[in-house]
>>> print(open('query-v3.cif').read())   # mmCIF, C-alpha atoms
data_run
loop_
_atom_site.label_atom_id
_atom_site.label_comp_id
_atom_site.auth_asym_id
_atom_site.auth_seq_id
_atom_site.Cartn_x
_atom_site.Cartn_y
_atom_site.Cartn_z
CA MET A 1 -4.68 -10.35 -0.89
CA PHE A 2 -8.37 -10.80 -1.86
CA ARG A 3 -8.12 -14.51 -1.04
CA PHE A 4 -6.50 -13.74 2.34
CA ILE A 5 -9.18 -11.18 3.28
CA VAL A 6 -12.04 -13.41 2.17
CA HIS A 7 -10.72 -16.56 3.86
CA ARG A 8 -8.94 -15.29 6.98
CA LEU A 9 -10.73 -12.03 7.73
CA ASN A 10 -14.17 -13.18 6.67
CA PHE A 11 -15.63 -12.16 10.06
CA LEU A 12 -15.08 -8.49 9.14
CA LYS A 13 -18.02 -8.62 6.74
CA ALA A 14 -20.27 -8.46 9.82
CA ILE A 15 -19.15 -4.85 10.36
CA PRO A 16 -21.69 -2.55 8.65
CA LEU A 17 -20.39 -1.15 5.35
CA PHE A 18 -17.05 -2.99 5.66
CA ALA A 19 -17.60 -5.14 2.56
CA LEU A 20 -18.67 -2.12 0.50
CA ILE A 21 -15.64 -0.12 1.64
CA TYR A 22 -13.32 -3.04 0.90
CA ASP A 23 -14.88 -3.31 -2.56
CA SER A 24 -14.21 0.42 -3.09
CA CYS A 25 -10.56 -0.23 -2.29
CA LEU A 26 -10.61 -2.93 -4.97
CA LYS A 27 -12.17 -0.42 -7.39
CA ILE A 28 -9.43 2.13 -6.70
CA GLY A 29 -6.81 -0.59 -7.05
CA VAL A 30 -8.23 -1.66 -10.42
CA LEU A 31 -8.42 1.99 -11.53
CA LEU A 32 -4.73 2.43 -10.80
CA THR A 33 -3.50 -0.90 -12.18
CA THR A 34 -5.88 -2.18 -14.89
CA PRO A 35 -8.38 0.62 -15.59
CA GLU A 36 -9.61 -1.06 -18.78
CA LYS A 37 -11.32 -3.68 -16.58
CA LEU A 38 -13.74 -1.01 -15.33
CA ASN A 39 -14.91 -0.48 -18.91
CA TRP A 40 -15.49 -4.22 -19.31
CA PHE A 41 -17.49 -4.29 -16.05
CA ASP A 42 -19.60 -1.35 -17.28
CA GLU A 43 -20.18 -3.20 -20.57
CA LEU A 44 -21.26 -6.31 -18.68
CA GLU A 45 -23.61 -4.21 -16.53
CA SER A 46 -25.17 -2.59 -19.62
CA GLU A 47 -25.62 -5.99 -21.24
CA ILE A 48 -27.42 -7.47 -18.23
CA LEU A 49 -29.61 -4.39 -17.85
CA SER A 50 -30.71 -4.78 -21.47
CA TRP A 51 -32.41 -8.08 -20.55
CA GLU A 52 -36.04 -7.80 -19.54
CA GLY A 53 -36.84 -7.63 -15.83
CA THR A 54 -33.26 -7.15 -14.66
CA SER A 55 -31.83 -4.60 -12.27
CA ILE A 56 -28.62 -4.06 -10.37
CA SER A 57 -27.90 -3.33 -6.72
CA LEU A 58 -24.94 -3.34 -4.37
CA HIS A 59 -24.06 -6.84 -3.22
CA LYS A 60 -24.07 -7.27 0.55
CA PHE A 61 -20.47 -8.53 0.46
CA GLY A 62 -19.31 -5.81 -1.94
CA GLY A 63 -19.63 -5.52 -5.71
CA THR A 64 -22.46 -5.26 -8.19
CA GLN A 65 -25.38 -7.63 -7.88
CA PHE A 66 -27.40 -8.54 -10.97
CA ASN A 67 -31.05 -9.29 -10.25
CA TYR A 68 -34.05 -10.68 -12.06
CA GLY A 69 -37.06 -9.36 -10.17
CA GLN A 70 -36.24 -10.02 -6.52
CA LYS A 71 -33.85 -12.91 -7.29
CA GLU A 72 -30.09 -12.65 -7.64
CA ILE A 73 -28.64 -13.79 -10.97
CA GLY A 74 -25.06 -13.34 -9.78
CA HIS A 75 -22.66 -10.71 -8.53
CA LEU A 76 -19.40 -9.21 -9.68
CA HIS A 77 -16.75 -8.18 -7.16
CA SER A 78 -14.71 -5.17 -8.24
CA ASN A 79 -11.56 -7.21 -8.83
CA GLY A 80 -13.38 -9.05 -11.66
CA LEU A 81 -14.54 -12.09 -9.70
CA LEU A 82 -17.97 -13.14 -10.93
CA ASP A 83 -20.04 -15.46 -8.70
CA ILE A 84 -23.21 -17.15 -9.95
CA LEU A 85 -25.54 -19.71 -8.37
CA PHE A 86 -26.62 -22.71 -10.49
CA ASN A 87 -27.97 -26.09 -9.56
CA LYS A 88 -25.28 -28.71 -8.95
CA GLN A 89 -25.83 -30.47 -12.27
CA VAL A 90 -25.34 -27.28 -14.32
CA LYS A 91 -22.37 -26.37 -12.16
CA GLN A 92 -20.77 -29.75 -12.92
CA GLU A 93 -21.30 -29.24 -16.66
CA LEU A 94 -19.73 -25.80 -16.51
CA LEU A 95 -16.74 -27.08 -14.54
CA VAL A 96 -16.19 -29.93 -17.01
CA SER A 97 -16.43 -27.57 -19.98
CA GLY A 98 -13.90 -25.23 -18.33
CA ARG A 99 -16.29 -22.28 -18.45
CA ALA A 100 -16.28 -21.84 -14.65
CA GLU A 101 -14.36 -22.72 -11.53
CA VAL A 102 -15.58 -23.91 -8.15
CA HIS A 103 -16.73 -21.02 -5.98
CA HIS A 104 -13.86 -19.37 -4.11
CA ILE A 105 -15.52 -20.07 -0.73
CA PHE A 106 -18.57 -22.34 -1.08
CA LYS A 107 -16.88 -25.18 -2.91
CA LYS A 108 -19.60 -27.79 -2.33
CA SER A 109 -22.56 -25.56 -3.21
CA GLY A 110 -24.04 -24.75 -6.61
CA TRP A 111 -22.13 -21.48 -6.71
CA ILE A 112 -19.43 -21.05 -9.37
CA SER A 113 -16.74 -18.39 -9.74
CA PHE A 114 -15.20 -16.95 -12.85
CA TYR A 115 -12.41 -14.39 -12.99
CA ILE A 116 -12.64 -11.71 -15.67
CA SER A 117 -8.96 -11.12 -16.32
CA THR A 118 -8.91 -10.29 -20.03
CA GLU A 119 -11.34 -8.76 -22.48
CA ASN A 120 -11.89 -12.20 -24.00
CA ASP A 121 -13.30 -13.39 -20.66
CA LEU A 122 -16.16 -10.95 -21.06
CA ALA A 123 -17.95 -13.21 -23.56
CA ASN A 124 -17.85 -16.13 -21.13
CA ALA A 125 -19.05 -13.90 -18.26
CA LYS A 126 -22.04 -12.85 -20.39
CA PHE A 127 -22.67 -16.48 -21.32
CA LEU A 128 -22.70 -17.59 -17.68
CA LEU A 129 -24.99 -14.77 -16.55
CA LYS A 130 -27.32 -15.37 -19.52
CA LYS A 131 -27.51 -19.05 -18.63
CA ALA A 132 -28.42 -18.22 -15.02
CA TYR A 133 -30.95 -15.64 -16.24
CA GLN A 134 -32.57 -18.11 -18.63
CA ASN A 135 -32.88 -20.64 -15.82
CA MET A 136 -34.88 -18.06 -13.89
CA ILE A 137 -37.31 -16.81 -16.50
CA MET B 1 -32.34 23.91 -16.31
CA LYS B 2 -28.83 22.96 -15.27
CA THR B 3 -26.35 21.80 -17.91
CA PRO B 4 -24.30 18.59 -17.37
CA ALA B 5 -21.26 20.79 -16.68
CA ASP B 6 -23.19 22.63 -13.96
CA LYS B 7 -24.22 19.34 -12.37
CA GLU B 8 -20.65 18.03 -12.49
CA PHE B 9 -19.39 21.21 -10.84
CA LEU B 10 -22.11 21.20 -8.17
CA GLY B 11 -21.21 17.56 -7.38
CA PHE B 12 -17.80 18.83 -6.34
CA LEU B 13 -18.77 22.17 -4.80
CA ILE B 14 -21.78 21.46 -2.61
CA PRO B 15 -20.55 18.26 -0.87
CA ASN B 16 -17.18 19.86 -0.07
CA VAL B 17 -18.62 23.10 1.28
CA LEU B 18 -21.22 21.22 3.31
CA ILE B 19 -18.84 18.66 4.83
CA ILE B 20 -16.12 21.18 5.71
CA SER B 21 -18.78 23.44 7.26
CA ILE B 22 -20.17 20.55 9.35
CA ILE B 23 -16.67 19.66 10.63
CA ALA B 24 -15.85 23.31 11.35
CA ILE B 25 -19.15 23.93 13.17
CA ASN B 26 -18.75 20.71 15.14
CA ARG B 27 -15.15 21.43 16.07
CA PHE B 28 -15.17 25.16 16.73
CA LEU B 29 -18.75 25.94 17.80
CA LEU B 30 -20.44 22.83 19.22
CA GLN B 31 -17.49 20.98 20.77
CA PRO B 32 -14.75 23.56 21.45
CA GLU B 33 -14.07 21.95 24.84
CA SER B 34 -13.11 18.66 23.16
CA GLY B 35 -9.81 20.21 22.07
CA GLY B 36 -10.40 19.25 18.47
CA ILE B 37 -10.93 15.51 18.88
CA LEU B 38 -11.64 14.05 15.47
CA VAL B 39 -14.18 11.26 15.88
CA PHE B 40 -14.48 8.21 13.64
CA SER B 41 -17.62 9.42 11.93
CA GLU B 42 -15.81 12.51 10.63
CA PHE B 43 -13.51 10.18 8.72
CA ILE B 44 -16.10 7.56 7.75
CA ILE B 45 -19.69 8.81 7.82
CA LEU B 46 -19.06 12.31 6.43
CA PRO B 47 -16.97 11.14 3.43
CA ILE B 48 -19.67 8.53 2.66
CA LEU B 49 -22.32 11.26 2.86
CA MET B 50 -20.12 13.40 0.62
CA GLY B 51 -20.04 10.61 -1.98
CA ILE B 52 -23.81 10.10 -1.76
CA LEU B 53 -24.46 13.81 -2.15
CA ALA B 54 -22.12 14.05 -5.14
CA ALA B 55 -23.86 11.03 -6.71
CA TRP B 56 -27.16 12.89 -6.39
CA PHE B 57 -25.83 15.77 -8.50
CA TRP B 58 -24.30 13.32 -11.00
CA LYS B 59 -27.26 10.91 -11.16
CA ASP B 60 -28.40 11.98 -14.64
CA LEU B 61 -24.92 12.13 -16.16
CA LYS B 62 -24.52 8.35 -16.57
CA LEU B 63 -20.88 8.48 -15.53
CA SER B 64 -18.77 5.42 -16.28
CA SER B 65 -17.34 3.56 -13.27
CA LYS B 66 -13.89 4.85 -14.16
CA LYS B 67 -15.07 8.45 -14.18
CA LEU B 68 -17.09 8.03 -10.99
CA ILE B 69 -14.06 6.69 -9.11
CA TRP B 70 -11.80 9.46 -10.46
CA TYR B 71 -14.37 12.11 -9.54
CA SER B 72 -14.70 10.63 -6.05
CA ILE B 73 -10.93 10.68 -5.57
CA LEU B 74 -10.90 14.27 -6.80
CA ASN B 75 -13.70 15.15 -4.37
CA GLY B 76 -11.71 13.58 -1.53
CA PHE B 77 -8.63 15.51 -2.66
CA PHE B 78 -10.57 18.81 -2.58
CA ALA B 79 -11.79 17.99 0.95
CA ILE B 80 -8.19 17.35 2.01
CA VAL B 81 -6.99 20.64 0.50
CA LEU B 82 -9.86 22.52 2.18
CA SER B 83 -8.95 20.86 5.51
CA PHE B 84 -5.40 22.13 5.07
CA PHE B 85 -6.48 25.72 4.50
CA PHE B 86 -9.59 26.04 6.66
CA LEU B 87 -9.14 23.49 9.46
CA GLY B 88 -5.38 23.97 9.88
CA GLU B 89 -4.50 20.30 9.44
CA GLY B 90 -0.85 19.34 8.87
CA THR B 91 0.44 17.88 5.60
CA ILE B 92 1.60 14.56 7.09
CA CYS B 93 -1.77 14.11 8.86
CA LEU B 94 -3.52 14.65 5.57
CA ILE B 95 -1.27 12.12 3.81
CA ILE B 96 -2.16 9.62 6.55
CA VAL B 97 -5.90 10.27 6.29
CA SER B 98 -6.10 10.38 2.48
CA PRO B 99 -6.51 6.60 1.80
CA LEU B 100 -9.50 6.52 4.18
CA ILE B 101 -11.09 9.55 2.57
CA PHE B 102 -10.66 8.27 -1.01
CA ALA B 103 -12.11 4.84 -0.13
CA PHE B 104 -15.08 6.24 1.80
CA VAL B 105 -16.01 8.94 -0.73
CA THR B 106 -15.88 6.29 -3.49
CA THR B 107 -18.07 3.97 -1.39
CA GLY B 108 -20.57 6.79 -0.87
CA ALA B 109 -20.63 7.61 -4.58
CA PHE B 110 -21.46 4.02 -5.54
CA ILE B 111 -24.07 3.72 -2.76
CA GLY B 112 -25.58 6.98 -4.04
CA LYS B 113 -25.50 5.79 -7.65
CA GLU B 114 -27.62 2.75 -6.74
CA MET B 115 -29.86 4.70 -4.34
CA PHE B 116 -30.84 7.35 -6.84
CA LYS B 117 -31.28 4.86 -9.68
CA LYS B 118 -34.15 3.25 -7.75
CA ASN B 119 -35.65 6.57 -6.76
CA LYS B 120 -37.11 5.26 -3.49
CA GLN B 121 -37.19 8.58 -1.69
CA THR B 122 -38.32 7.31 1.72
CA LEU B 123 -35.58 4.67 1.82
CA ASN B 124 -32.98 7.19 0.64
CA ILE B 125 -33.96 9.77 3.25
CA SER B 126 -33.99 7.09 5.97
CA PHE B 127 -30.49 5.91 5.05
CA VAL B 128 -29.01 9.40 4.95
CA SER B 129 -30.79 10.27 8.23
CA LEU B 130 -29.34 7.15 9.83
CA LEU B 131 -25.82 8.17 8.79
CA LEU B 132 -26.39 11.69 10.13
CA ALA B 133 -27.74 10.28 13.41
CA ILE B 134 -24.62 8.11 13.79
CA PHE B 135 -22.50 11.20 13.15
CA ILE B 136 -24.33 13.27 15.80
CA VAL B 137 -24.27 10.50 18.43
CA ASP B 138 -20.59 9.82 17.76
CA SER B 139 -19.73 13.53 17.91
CA ILE B 140 -21.29 14.04 21.34
CA SER B 141 -19.98 10.77 22.81
CA ASP B 142 -16.87 10.58 25.01
CA HIS B 143 -13.73 9.41 23.25
CA HIS B 144 -10.70 8.27 25.15
CA TYR B 145 -7.79 6.11 24.03
CA GLU B 146 -4.39 5.59 25.61
CA ASN B 147 -1.55 3.38 24.49
CA MET B 148 2.05 2.56 25.33
CA VAL B 149 4.73 1.69 22.81
CA SER B 150 7.83 -0.19 23.92
CA ASP B 151 11.04 -0.94 22.03
CA GLU B 152 14.36 -2.39 23.00
CA ILE B 153 17.86 -2.73 21.60
CA ILE B 154 21.05 -4.37 22.81
CA ILE B 155 24.05 -2.09 23.33
CA LYS B 156 27.58 -3.42 23.63
CA ALA B 157 28.46 -1.30 26.66
CA THR B 158 27.78 -1.34 30.39
CA PRO B 159 24.89 0.71 31.86
CA ASP B 160 27.22 3.28 33.49
CA LYS B 161 28.72 4.07 30.07
CA ILE B 162 25.29 4.37 28.45
CA TRP B 163 23.53 6.37 31.17
CA LYS B 164 24.87 9.85 30.36
CA ASN B 165 23.82 9.40 26.71
CA VAL B 166 20.34 8.42 27.81
CA VAL B 167 19.81 11.50 29.93
CA ALA B 168 21.01 13.93 27.24
CA PHE B 169 22.72 13.66 23.87
CA ASP B 170 24.16 15.86 21.15
CA LYS B 171 22.77 16.27 17.68
CA ILE B 172 21.85 13.19 15.67
CA ASN B 173 23.57 13.57 12.31
CA LYS B 174 22.55 10.24 10.79
CA PRO B 175 20.22 10.69 7.79
CA ASN B 176 16.61 9.60 8.37
CA ASP B 177 15.60 6.23 7.00
CA TYR B 178 11.91 6.24 8.04
CA TRP B 179 9.79 7.35 5.08
CA LEU B 180 7.57 9.76 7.05
CA PHE B 181 10.65 11.56 8.43
CA LYS B 182 11.98 11.78 4.89
CA ALA B 183 8.58 13.16 3.78
CA GLY B 184 8.94 16.06 6.19
CA MET B 185 7.67 14.82 9.52
CA PRO B 186 9.93 16.25 12.26
CA SER B 187 12.35 13.71 13.73
CA PRO B 188 14.17 13.85 17.10
CA MET B 189 17.52 15.68 16.90
CA GLN B 190 18.88 16.44 20.34
CA THR B 191 18.11 16.28 24.05
CA THR B 192 19.29 18.66 26.75
CA VAL B 193 18.83 18.64 30.55
CA THR B 194 19.05 21.26 33.26
CA GLY B 195 20.33 18.77 35.84
CA TYR B 196 20.94 15.10 36.59
CA LYS B 197 18.23 14.63 39.24
CA ILE B 198 14.51 14.26 39.83
CA GLY B 199 12.63 17.44 38.93
CA ALA B 200 15.21 18.58 36.39
CA GLY B 201 13.97 19.94 33.09
CA ARG B 202 14.67 18.06 29.90
CA LYS B 203 14.10 19.22 26.34
CA CYS B 204 13.67 16.97 23.34
CA ILE B 205 14.40 19.07 20.26
CA PHE B 206 13.03 18.03 16.87
CA SER B 207 14.43 18.65 13.38
CA ASN B 208 12.06 21.56 12.69
CA GLY B 209 13.10 23.29 15.94
CA TYR B 210 9.98 22.29 17.87
CA THR B 211 10.66 21.30 21.45
CA PHE B 212 8.97 18.92 23.88
CA ASP B 213 9.44 20.22 27.43
CA GLU B 214 9.89 17.38 29.88
CA LYS B 215 10.35 16.96 33.63
CA ILE B 216 12.33 14.06 35.09
CA VAL B 217 10.09 12.15 37.53
CA THR B 218 12.26 9.06 38.13
CA TYR B 219 16.04 9.24 38.22
CA GLU B 220 17.64 5.93 39.17
CA GLU B 221 21.16 6.20 37.82
CA ASN B 222 22.13 3.48 35.34
CA LYS B 223 18.62 1.97 35.61
CA ASN B 224 15.57 4.12 35.04
CA LEU B 225 14.94 7.55 33.57
CA THR B 226 11.27 8.49 33.43
CA PHE B 227 10.02 11.90 32.38
CA ASP B 228 6.62 13.54 31.97
CA ILE B 229 5.94 15.73 28.97
CA VAL B 230 4.84 19.05 30.43
CA ASN B 231 4.52 20.99 27.19
CA GLN B 232 4.34 19.81 23.62
CA PRO B 233 4.74 22.04 20.56
CA LYS B 234 1.76 23.62 18.81
CA ASP B 235 2.52 21.75 15.60
CA PRO B 236 -0.56 21.12 13.39
CA GLU B 237 0.74 17.59 12.75
CA ILE B 238 0.27 16.62 16.40
CA MET B 239 -1.82 19.37 18.01
CA GLY B 240 -5.26 18.00 18.84
CA HIS B 241 -4.35 14.59 17.43
CA ILE B 242 -1.98 13.02 19.92
CA ASP B 243 -0.83 13.92 23.44
CA ILE B 244 2.48 12.39 24.46
CA ASP B 245 2.20 11.98 28.25
CA ARG B 246 5.33 10.22 29.42
CA GLY B 247 8.62 8.75 28.22
CA GLN B 248 10.95 6.26 29.86
CA PHE B 249 14.33 4.59 29.34
CA LEU B 250 15.13 1.42 31.25
CA LEU B 251 18.63 -0.09 31.29
CA GLN B 252 19.00 -3.78 32.04
CA ASP B 253 22.53 -5.09 32.62
CA ASN B 254 22.91 -8.39 30.77
CA GLY B 255 26.02 -9.32 32.78
CA ASP B 256 28.14 -9.96 29.68
CA GLY B 257 29.26 -6.42 28.99
CA THR B 258 26.05 -5.65 27.09
CA THR B 259 22.94 -3.75 28.15
CA THR B 260 19.33 -3.97 27.01
CA LEU B 261 17.99 -0.48 26.53
CA VAL B 262 14.18 -0.27 26.66
CA GLY B 263 12.35 2.83 25.45
CA ASN B 264 8.70 3.33 26.46
CA SER B 265 6.25 6.07 25.52
CA TRP B 266 2.71 6.65 26.72
CA TYR B 267 0.29 8.70 24.66
CA LYS B 268 -3.36 9.64 24.28
CA LEU B 269 -4.79 9.48 20.79
CA GLN B 270 -7.40 12.07 19.86
CA VAL B 271 -8.23 10.92 16.36
CA PHE B 272 -10.60 8.05 15.76
CA PRO B 273 -11.02 5.27 14.61
CA THR B 274 -8.04 4.04 16.59
CA TRP B 275 -7.80 0.78 14.62
CA TYR B 276 -6.48 2.94 11.79
CA TYR B 277 -4.73 5.88 13.46
CA ASP B 278 -3.05 3.86 16.19
CA LEU B 279 -1.22 1.87 13.50
CA TRP B 280 0.32 5.17 12.42
CA ALA B 281 0.86 6.44 15.98
CA GLU B 282 2.66 3.23 16.92
CA SER B 283 4.78 3.29 13.79
CA ILE B 284 5.80 6.94 14.30
CA THR B 285 6.49 6.49 18.04
CA ARG B 286 8.53 3.35 17.29
CA ASN B 287 10.63 5.18 14.75
CA VAL B 288 11.19 8.10 17.15
CA HIS B 289 12.35 5.54 19.76
CA LEU B 290 14.62 3.72 17.36
CA ARG B 291 16.22 6.88 16.00
CA VAL B 292 17.07 8.03 19.54
CA MET B 293 18.08 4.59 20.81
CA GLU B 294 20.32 3.84 17.84
CA HIS B 295 22.01 7.19 18.42
CA ILE B 296 22.53 6.31 22.09
CA LYS B 297 23.95 2.96 20.97
CA LEU B 298 26.34 4.66 18.56
CA LEU B 299 27.58 7.11 21.21
CA SER B 300 27.90 4.41 23.87
CA GLU B 301 29.79 1.90 21.70
CA GLU B 302 32.34 4.48 20.49
#
>>> encode(input="query-v3.cif", output="structure tokens")
Amino acid sequence: MFRFIVHRLNFLKAIPLFALIYDSCLKIGVLLTTPEKLNWFDELESEILSWEGTSISLHKFGGTQFNYGQKEIGHLHSNGLLDILFNKQVKQELLVSGRAEVHHIFKKSGWISFYISTENDLANAKFLLKKAYQNMI
Amino acid sequence: MKTPADKEFLGFLIPNVLIISIIAINRFLLQPESGGILVFSEFIILPILMGILAAWFWKDLKLSSKKLIWYSILNGFFAIVLSFFFLGEGTICLIIVSPLIFAFVTTGAFIGKEMFKKNKQTLNISFVSLLLAIFIVDSISDHHYENMVSDEIIIKATPDKIWKNVVAFDKINKPNDYWLFKAGMPSPMQTTVTGYKIGAGRKCIFSNGYTFDEKIVTYEENKNLTFDIVNQPKDPEIMGHIDIDRGQFLLQDNGDGTTTLVGNSWYKLQVFPTWYYDLWAESITRNVHLRVMEHIKLLSEE
């Protein structure tokens, strides 16, 4: 469903608030199906906010955006899809090591995606965000 | 100094009282001539504002995401219950609107959570003012939407055998299979006529006893029965939400002993956004058509 909306109905993101509302639907869906994920996302948010100079905001395409100063570290959609921008060399290393997948839309860019599906994935999500954060500071 | 429990409670109380009051004032005092048209911003902007306002009361409570979503759903549920008691909305309408309300209140709550974390008062006031401005402009704008729904079935009988069942038919005894009819939405039961000619009165009686009064405007035997709805019931499920204007049955002889029966309905929708509500209106109209047309098929093929 998420894949279909993002790929086929991508034009809808131009409608003001649409992406945020869609992300709220994901939140409600997660609450009803896998509520434990919301605790993991909160834990991830607390972890990132404990790093110096970080803040969070709403991502323009829905989800939570993690920032360092004015720059985006990455963003987490409410279905557990984490997107982070690296340079292409780091991206390649992460793909080879199996820590990340190619971005769900921008396959040729430096963006990577990582699905948080289990509690064990949380450690890798923190690792990826920390790596992006350290590249910025 | 307010306790956390006070703040939690106020996050439910104030947004609900405020939003219901705004809708009531808009509907009954400022726009009584609109006949109760519910504009898109009442379903989108106001729930988002409700979420933002609730988030303001809850901003110091550090609610987990899980709790914030549950609270938002609960806030939406309270708004729906208040609409039932104070705005006279029907149960089925409220079931239809509830997914929108839950999603928009939740969106507002998370927007509010981020807004009040940053504490940029000018930006916050500007954003809320913008939403209110959209609501006001939308409320005073003209809203008009008409649609026609068409369905057809094949009946193994000639038009002359089908015609009398099209004009009027006895009680439908078949159990409902459409989920909204099963949930309590009235379904068509019987049709009566005062005569088989143009100008004759026709009544479409629904399962809860409500009646649509109709007048035959085209009577071409074995071909075309068109009727205008001259009076529709004051049912809270439809009153002020949809006006059924006209109905029509067309019979097309297929030349092989079968007939294609086409059912058409024209209606005006008075709830917006239509991209959401017309999905429901089309689905309900289609299922009204099919229930009647399948009954006509059953009677005609006997």
>>> closest_atom_pairs(input="query-v3.cif", of="chain A", to="chain B", cutoff="9 Å", atoms="all atoms listed in the file", output="JSON lines")
{"residue": "A:Leu17", "atom": "CA", "partner": "B:Thr107", "partner_atom": "CA", "distance": 8.8}
{"residue": "A:Leu20", "atom": "CA", "partner": "B:Thr107", "partner_atom": "CA", "distance": 6.4}
{"residue": "A:Ile21", "atom": "CA", "partner": "B:Thr107", "partner_atom": "CA", "distance": 5.6}
{"residue": "A:Tyr22", "atom": "CA", "partner": "B:Ala103", "partner_atom": "CA", "distance": 8.0}
{"residue": "A:Asp23", "atom": "CA", "partner": "B:Thr107", "partner_atom": "CA", "distance": 8.0}
{"residue": "A:Ser24", "atom": "CA", "partner": "B:Thr107", "partner_atom": "CA", "distance": 5.5}
{"residue": "A:Cys25", "atom": "CA", "partner": "B:Ala103", "partner_atom": "CA", "distance": 5.7}
{"residue": "A:Lys27", "atom": "CA", "partner": "B:Ile69", "partner_atom": "CA", "distance": 7.6}
{"residue": "A:Ile28", "atom": "CA", "partner": "B:Ile69", "partner_atom": "CA", "distance": 6.9}
{"residue": "A:Leu31", "atom": "CA", "partner": "B:Lys66", "partner_atom": "CA", "distance": 6.7}
{"residue": "A:Pro35", "atom": "CA", "partner": "B:Lys66", "partner_atom": "CA", "distance": 7.1}
{"residue": "A:Glu36", "atom": "CA", "partner": "B:Lys66", "partner_atom": "CA", "distance": 8.6}
{"residue": "A:Leu38", "atom": "CA", "partner": "B:Lys66", "partner_atom": "CA", "distance": 6.0}
{"residue": "A:Asn39", "atom": "CA", "partner": "B:Lys66", "partner_atom": "CA", "distance": 7.2}
{"residue": "A:Phe41", "atom": "CA", "partner": "B:Ser65", "partner_atom": "CA", "distance": 8.3}
{"residue": "A:Asp42", "atom": "CA", "partner": "B:Ser65", "partner_atom": "CA", "distance": 6.7}
{"residue": "A:Ile56", "atom": "CA", "partner": "B:Glu114", "partner_atom": "CA", "distance": 7.8}
{"residue": "A:Ser57", "atom": "CA", "partner": "B:Glu114", "partner_atom": "CA", "distance": 6.1}
{"residue": "A:Leu58", "atom": "CA", "partner": "B:Glu114", "partner_atom": "CA", "distance": 7.1}
>>> residues_around(input="query-v3.cif", residues="A:Leu76", least_positions_apart="3", cutoff="12 Å", atoms="all atoms listed in the file", output="PyMOL selection string")
chain A and resi 23+26-27+37-38+40-42+44-45+48+56-67+72-73+79-84+112-116+122+125-126+129
>>> atom_distance(input="query-v3.cif", atom1="atom CA of A:Trp51", atom2="atom CA of A:Gln134")
10.2 Å
>>> residues_around(input="query-v3.cif", residues="A:Gly110", least_positions_apart="2", cutoff="8 Å", atoms="only C-alpha atoms", output="list of chain:residue names")
A:Leu85, A:Phe86, A:Asn87, A:Lys88, A:Lys91, A:Lys108, A:Ile112
>>> closest_residue(input="query-v3.cif", among="B:Ser21, B:Gln252, B:Ser265, B:Ser187", to="B:Val288", atoms="all atoms listed in the file")
B:Ser187
>>> atom_distance(input="query-v3.cif", atom1="atom CA of B:Lys62", atom2="atom CA of B:Phe78")
22.4 Å
>>> atom_distance(input="query-v3.cif", atom1="atom CA of B:Asp245", atom2="atom CA of B:Phe227")
8.8 Å
>>> resolve_selection(input="query-v3.cif", expression="the PyMOL selection byres ((chain B and resi 138) around 12)", output="JSON, numbers by chain")
{"B": [26, 31, 37, 38, 39, 40, 41, 42, 43, 44, 45, 46, 131, 132, 133, 134, 135, 136, 137, 139, 140, 141, 142, 143, 272, 273]}
>>> residues_near_point(input="query-v3.cif", point="(26.4, 13.0, 19.6)", cutoff="12 Å", atoms="only C-alpha atoms", output="ChimeraX atom specification")
/B:164-166,168-174,189-192,292-302
>>> write_last_selection(input="query-v3.cif", atoms="C-alpha atoms", output="PDB file, in the frame of the given file")
ATOM      1  CA  LYS B 164      24.870   9.850  30.360  1.00  0.00           C
ATOM      2  CA  ASN B 165      23.820   9.400  26.710  1.00  0.00           C
ATOM      3  CA  VAL B 166      20.340   8.420  27.810  1.00  0.00           C
ATOM      4  CA  ALA B 168      21.010  13.930  27.240  1.00  0.00           C
ATOM      5  CA  PHE B 169      22.720  13.660  23.870  1.00  0.00           C
ATOM      6  CA  ASP B 170      24.160  15.860  21.150  1.00  0.00           C
ATOM      7  CA  LYS B 171      22.770  16.270  17.680  1.00  0.00           C
ATOM      8  CA  ILE B 172      21.850  13.190  15.670  1.00  0.00           C
ATOM      9  CA  ASN B 173      23.570  13.570  12.310  1.00  0.00           C
ATOM     10  CA  LYS B 174      22.550  10.240  10.790  1.00  0.00           C
ATOM     11  CA  MET B 189      17.520  15.680  16.900  1.00  0.00           C
ATOM     12  CA  GLN B 190      18.880  16.440  20.340  1.00  0.00           C
ATOM     13  CA  THR B 191      18.110  16.280  24.050  1.00  0.00           C
ATOM     14  CA  THR B 192      19.290  18.660  26.750  1.00  0.00           C
ATOM     15  CA  VAL B 292      17.070   8.030  19.540  1.00  0.00           C
ATOM     16  CA  MET B 293      18.080   4.590  20.810  1.00  0.00           C
ATOM     17  CA  GLU B 294      20.320   3.840  17.840  1.00  0.00           C
ATOM     18  CA  HIS B 295      22.010   7.190  18.420  1.00  0.00           C
ATOM     19  CA  ILE B 296      22.530   6.310  22.090  1.00  0.00           C
ATOM     20  CA  LYS B 297      23.950   2.960  20.970  1.00  0.00           C
ATOM     21  CA  LEU B 298      26.340   4.660  18.560  1.00  0.00           C
ATOM     22  CA  LEU B 299      27.580   7.110  21.210  1.00  0.00           C
ATOM     23  CA  SER B 300      27.900   4.410  23.870  1.00  0.00           C
ATOM     24  CA  GLU B 301      29.790   1.900  21.700  1.00  0.00           C
ATOM     25  CA  GLU B 302      32.340   4.480  20.490  1.00  0.00           C
TER      26      GLU B 302
END
>>> residues_near_point(input="query-v3.cif", point="(-23.1, 15.7, 1.2)", cutoff="8 Å", atoms="all atoms listed in the file", output="list in words")
Ile14, Pro15, Asn16, Leu18, Ile19, Leu46, Pro47, Leu49, Met50, Gly51, Ile52, Leu53 and Ala54 of chain B
